[in-house]
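Report on one structure; see the data block that follows.
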Amino acid sequence: MKAILDLIGREWSLEQVSKTLAEAAKESQMSVIGAMHIICADESEFEVCEAFQKNFVYSMLPELKDARAAAFTLSNLGARYDPGAVHVAEHHYALGESTETPKLMVIKVNGHVGIKMVDGLESFGTLERYGLDSACCGALHAMMGGAQGPFVSELKNAFNKDGIDRLAILDDPAQVPPASRSLFVAVSSAILQAEAVADDILSKSPASPTLFWVLPCVTCNRPGEDTEIVCGLIQVDYRKATAERRQMGLGNTPSKYRLEQVDKAMRIREEKGA
């Protein structure tokens, strides 16, 4: 698990993230490994899906059909978690071997942000799609722009967790630099959705003893190869009758994020007490 923790807060290649997850899963020595991928329906997310499939799913998951493995997938506007889904996914991977020895469930939540170069500098929130500038993530952009609709309401509810108005924080230039807003909304969204998954895991005992790793991530949709920021790790250990939850990495309050460049890669750290 240490290798995963070492990824948190810094930009990596998609391949590096998925291969690190695979190595950590292998080291866990669990009898069965399952996976769930929660992504935005935006077609720009195909690269992160391919990387996860190629570098993690194919090598770590049981075969669904001959020489075919697959993750349980949720794909919708804004990568929203659908309550109850983790229990369905966990039950699918509750195979014979895992009834006697625990299994590992890796749940990867991918928010995303578009990045394009403007006057030699990176600009967050848009990408060139089919020759035209396009908002990305369009769902989060719609929420920030005051759009109405069921998916917007669900996203807004998530951003108001514990009575904290994170949208107001994101809109306040004194708390969040406008240039970083689109990145920070993607980070906080991924973390909030991952926390919703962890909360749901704790609402019901699994079908077989399970160690859950829930990873909020943000895909950086670039003009070239996409990259990825792992924002944290929530571990829910349900291998015994009583579950234990541990959350590591960035929190869900965007005013605490600080963006830096380290060795030509982005790094997001959290300023404590901010």
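Identifiers in the structure tokens: chain A, B, ... in order shown; residue index from 1 per chain; ligand index from 1 in order shown.
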From a DSSP pass on the backbone, collect the residues of segment 130-246 of chain A flagged as strand (DSSP E) and hand them back as a count of residues only.
-> 30
Name the residues in contact with Ala85 of chain A at a cut-off of 10 Å, using only C-alpha atoms, excluding same-chain residues fewer than 4 positions from it; report them as number ranges by chain.
-> A: 36, 72-74, 81, 89-91, 197, 200-201
Work out how far atom CA of Asp162 of chain A is from atom CA of Gly125 of chain A, in Å to one decimal.
->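 Computing it gives 26.7 Å between the two atoms.
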When DSSP works through the backbone of this structure, what residues of segment 95-214 of chain A end up as alpha helix (DSSP H), shown as a ChimeraX atom specification?
-> /A:138-144,150-159,166-171,181-201
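Comparing the minimum interatomic distances between Ala24 of chain A and each of A:Val106, A:His92, A:Asp82, A:Lys65, counting only C-alpha atoms, we find that A:Val106 sits nearest.
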For segment 202-237 of chain A versus segment 51-58 of chain A, which residues have an atom no more than 12 Å away, and what is each residue's nearest atom pair and distance in Å rounded to one decimal, using only C-alpha atoms, chain-then-number order, as CSV?
residue,atom,partner,partner_atom,distance
A:Thr219,CA,A:Ala51,CA,11.4
A:Glu225,CA,A:Ala51,CA,11.3
A:Asp226,CA,A:Ala51,CA,10.2
A:Thr227,CA,A:Ala51,CA,10.5
A:Glu228,CA,A:Ala51,CA,10.8
Please provide the set of residues having any atom within 9 Å of Pro62 of chain A, restricted to only C-alpha atoms, with same-chain residues fewer than 6 positions apart removed, written as a list of chain:residue names.
->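 The residues that qualify are A:Val32, A:Ile33, A:Gly34, A:Arg68, A:Ala69, A:Ala70, A:Tyr93.
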Within 6 Å of segment 229-242 of chain A using only C-alpha atoms, minus same-chain residues under 2 positions, as a list in words |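 Residues near the query, excluding close chain neighbours: Ile8, Gly9, Arg10, Glu11, Pro209, Thr210, Leu211, Phe212, Trp213, Val214, Leu215, Pro216, Cys217, Val218, Glu244, Arg245, Arg246, Gln247, Met248, Gly249 and Leu250 of chain A.
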Saved selection, atoms kept: N, CA and C atoms, as an mmCIF file, in the first residue's frame:
data_model
loop_
_atom_site.group_PDB
_atom_site.id
_atom_site.type_symbol
_atom_site.label_atom_id
_atom_site.label_comp_id
_atom_site.auth_asym_id
_atom_site.auth_seq_id
_atom_site.Cartn_x
_atom_site.Cartn_y
_atom_site.Cartn_z
ATOM 1 N N ILE A 8 0.201 9.884 -4.149
ATOM 2 C CA ILE A 8 -0.815 10.876 -3.810
ATOM 3 C C ILE A 8 -0.302 12.308 -3.972
ATOM 4 N N GLY A 9 -1.111 13.097 -4.668
ATOM 5 C CA GLY A 9 -0.857 14.532 -4.779
ATOM 6 C C GLY A 9 -0.013 14.955 -5.943
ATOM 7 N N ARG A 10 0.539 13.997 -6.708
ATOM 8 C CA ARG A 10 1.431 14.353 -7.798
ATOM 9 C C ARG A 10 0.940 13.765 -9.116
ATOM 10 N N GLU A 11 1.232 14.449 -10.201
ATOM 11 C CA GLU A 11 0.833 14.026 -11.537
ATOM 12 C C GLU A 11 1.740 12.901 -12.038
ATOM 13 N N PRO A 209 -15.717 -11.596 3.224
ATOM 14 C CA PRO A 209 -14.748 -10.678 3.847
ATOM 15 C C PRO A 209 -13.933 -9.924 2.796
ATOM 16 N N THR A 210 -13.849 -8.602 2.971
ATOM 17 C CA THR A 210 -13.271 -7.772 1.917
ATOM 18 C C THR A 210 -12.450 -6.626 2.488
ATOM 19 N N LEU A 211 -11.312 -6.379 1.849
ATOM 20 C CA LEU A 211 -10.543 -5.169 2.071
ATOM 21 C C LEU A 211 -10.822 -4.250 0.892
ATOM 22 N N PHE A 212 -11.350 -3.066 1.163
ATOM 23 C CA PHE A 212 -11.696 -2.113 0.106
ATOM 24 C C PHE A 212 -10.640 -1.010 0.032
ATOM 25 N N TRP A 213 -10.167 -0.726 -1.182
ATOM 26 C CA TRP A 213 -9.357 0.452 -1.450
ATOM 27 C C TRP A 213 -10.145 1.367 -2.372
ATOM 28 N N VAL A 214 -10.458 2.557 -1.904
ATOM 29 C CA VAL A 214 -11.199 3.530 -2.709
ATOM 30 C C VAL A 214 -10.244 4.675 -3.045
ATOM 31 N N LEU A 215 -10.029 4.906 -4.339
ATOM 32 C CA LEU A 215 -9.039 5.897 -4.766
ATOM 33 C C LEU A 215 -9.679 7.007 -5.590
ATOM 34 N N PRO A 216 -9.755 8.232 -5.032
ATOM 35 C CA PRO A 216 -10.180 9.376 -5.836
ATOM 36 C C PRO A 216 -9.015 9.846 -6.704
ATOM 37 N N CYS A 217 -9.271 10.008 -7.988
ATOM 38 C CA CYS A 217 -8.232 10.418 -8.937
ATOM 39 C C CYS A 217 -8.786 11.484 -9.871
ATOM 40 N N VAL A 218 -7.897 12.245 -10.484
ATOM 41 C CA VAL A 218 -8.295 13.227 -11.494
ATOM 42 C C VAL A 218 -7.474 12.986 -12.759
ATOM 43 N N GLU A 244 -13.217 -1.202 9.741
ATOM 44 C CA GLU A 244 -12.324 -0.119 10.124
ATOM 45 C C GLU A 244 -12.069 0.747 8.898
ATOM 46 N N ARG A 245 -12.212 2.059 9.059
ATOM 47 C CA ARG A 245 -12.032 2.994 7.946
ATOM 48 C C ARG A 245 -10.846 3.912 8.222
ATOM 49 N N ARG A 246 -10.033 4.103 7.191
ATOM 50 C CA ARG A 246 -8.884 4.998 7.301
ATOM 51 C C ARG A 246 -8.788 5.814 6.012
ATOM 52 N N GLN A 247 -8.716 7.130 6.150
ATOM 53 C CA GLN A 247 -8.652 8.003 4.980
ATOM 54 C C GLN A 247 -7.325 8.743 4.957
ATOM 55 N N MET A 248 -6.656 8.693 3.806
ATOM 56 C CA MET A 248 -5.341 9.306 3.643
ATOM 57 C C MET A 248 -5.337 10.188 2.401
ATOM 58 N N GLY A 249 -4.500 11.204 2.410
ATOM 59 C CA GLY A 249 -4.385 12.069 1.250
ATOM 60 C C GLY A 249 -5.092 13.396 1.437
ATOM 61 N N LEU A 250 -5.503 13.997 0.326
ATOM 62 C CA LEU A 250 -6.140 15.306 0.356
ATOM 63 C C LEU A 250 -7.534 15.233 0.953
#
Using only C-alpha atoms, find each residue in segment 36-142 of chain A having at least one atom no more than 10 Å away from segment 178-190 of chain A; report its shortest atom-to-atom pair and that distance in Å (one decimal), rows by chain then rising number, as JSON lines.
{"residue": "A:Ile38", "atom": "CA", "partner": "A:Ala190", "partner_atom": "CA", "distance": 9.5}
{"residue": "A:Ile39", "atom": "CA", "partner": "A:Ala190", "partner_atom": "CA", "distance": 9.6}
{"residue": "A:Gly78", "atom": "CA", "partner": "A:Ser189", "partner_atom": "CA", "distance": 8.4}
{"residue": "A:Ala79", "atom": "CA", "partner": "A:Ala190", "partner_atom": "CA", "distance": 7.8}
{"residue": "A:Arg80", "atom": "CA", "partner": "A:Ala190", "partner_atom": "CA", "distance": 8.7}
{"residue": "A:Tyr81", "atom": "CA", "partner": "A:Ala190", "partner_atom": "CA", "distance": 9.8}
{"residue": "A:Lys108", "atom": "CA", "partner": "A:Ala190", "partner_atom": "CA", "distance": 9.5}
{"residue": "A:Val109", "atom": "CA", "partner": "A:Ala190", "partner_atom": "CA", "distance": 6.1}
{"residue": "A:Asn110", "atom": "CA", "partner": "A:Ala190", "partner_atom": "CA", "distance": 6.2}
{"residue": "A:Gly111", "atom": "CA", "partner": "A:Ala190", "partner_atom": "CA", "distance": 5.1}
{"residue": "A:His112", "atom": "CA", "partner": "A:Ala186", "partner_atom": "CA", "distance": 5.8}
{"residue": "A:Val113", "atom": "CA", "partner": "A:Leu183", "partner_atom": "CA", "distance": 6.0}
{"residue": "A:Gly114", "atom": "CA", "partner": "A:Ser182", "partner_atom": "CA", "distance": 8.4}
{"residue": "A:Ile115", "atom": "CA", "partner": "A:Leu183", "partner_atom": "CA", "distance": 9.1}
{"residue": "A:Glu122", "atom": "CA", "partner": "A:Ala179", "partner_atom": "CA", "distance": 9.5}
{"residue": "A:Ser123", "atom": "CA", "partner": "A:Ala179", "partner_atom": "CA", "distance": 7.2}
{"residue": "A:Phe124", "atom": "CA", "partner": "A:Ser182", "partner_atom": "CA", "distance": 5.8}
{"residue": "A:Gly125", "atom": "CA", "partner": "A:Ser182", "partner_atom": "CA", "distance": 5.1}
{"residue": "A:Thr126", "atom": "CA", "partner": "A:Ser182", "partner_atom": "CA", "distance": 8.9}
{"residue": "A:Ala135", "atom": "CA", "partner": "A:Ser182", "partner_atom": "CA", "distance": 9.7}
{"residue": "A:Cys136", "atom": "CA", "partner": "A:Ser182", "partner_atom": "CA", "distance": 8.5}
{"residue": "A:Cys137", "atom": "CA", "partner": "A:Ala186", "partner_atom": "CA", "distance": 7.8}
{"residue": "A:Leu140", "atom": "CA", "partner": "A:Val185", "partner_atom": "CA", "distance": 7.4}
{"residue": "A:His141", "atom": "CA", "partner": "A:Ser182", "partner_atom": "CA", "distance": 7.8}
Which residue out of A:Leu259, A:Val118, A:Ala158, A:Ile4 has the minimum interatomic distance to Pro177 of chain A when only C-alpha atoms are used?
->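 Ranked by minimum distance to Pro177 of chain A, first place goes to A:Leu259.
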Contacts of Phe159 of chain A within 9 Å, only C-alpha atoms, excl. fewer than 4 positions in-chain, as a ChimeraX atom specification = /A:154-155,163-167,188-189,192,252
Selected residues written out with C-alpha atoms, as a PDB file, in the first residue's frame:
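Done, and the output landed in again18.pdb:
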ATOM      1  CA  GLU A 154     -26.793  15.437  -7.269  1.00  0.00           C
ATOM      2  CA  LEU A 155     -23.398  17.047  -7.789  1.00  0.00           C
ATOM      3  CA  GLY A 163     -23.156  21.840   5.407  1.00  0.00           C
ATOM      4  CA  ILE A 164     -20.015  23.314   3.802  1.00  0.00           C
ATOM      5  CA  ASP A 165     -20.793  25.358   0.683  1.00  0.00           C
ATOM      6  CA  ARG A 166     -17.841  24.286  -1.457  1.00  0.00           C
ATOM      7  CA  LEU A 167     -19.274  25.954  -4.553  1.00  0.00           C
ATOM      8  CA  SER A 188     -12.783  17.932  -4.592  1.00  0.00           C
ATOM      9  CA  SER A 189     -15.486  16.206  -6.651  1.00  0.00           C
ATOM     10  CA  LEU A 192     -16.410  13.668  -2.309  1.00  0.00           C
ATOM     11  CA  ASN A 252     -12.484  17.638   0.401  1.00  0.00           C
TER      12      ASN A 252
END
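The space between atom CA of Gln175 of chain A and atom CA of Asn157 of chain A spans 20.6 Å.
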Find the residue from A:Asp42, A:Glu50, A:Glu27, A:Glu128 that sits nearest to Glu15 of chain A; use only C-alpha atoms when measuring.
->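 Of the candidates, the smallest distance to Glu15 of chain A is held by A:Glu50.
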Atom pair atom CA of Ala3 of chain A / atom CA of Thr20 of chain A: separation (Å) =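 These atoms are spaced 6.7 Å apart.
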In terms of the shortest atom-to-atom distance over only C-alpha atoms, which of A:Ala71, A:Val86, A:Leu77, A:Leu61 is closest to Ser203 of chain A?
-> A:Val86
Using only C-alpha atoms, the best pick from A:Asn221, A:Thr101, A:Ser205, A:Ser255 as closest to Phe46 of chain A would be A:Asn221
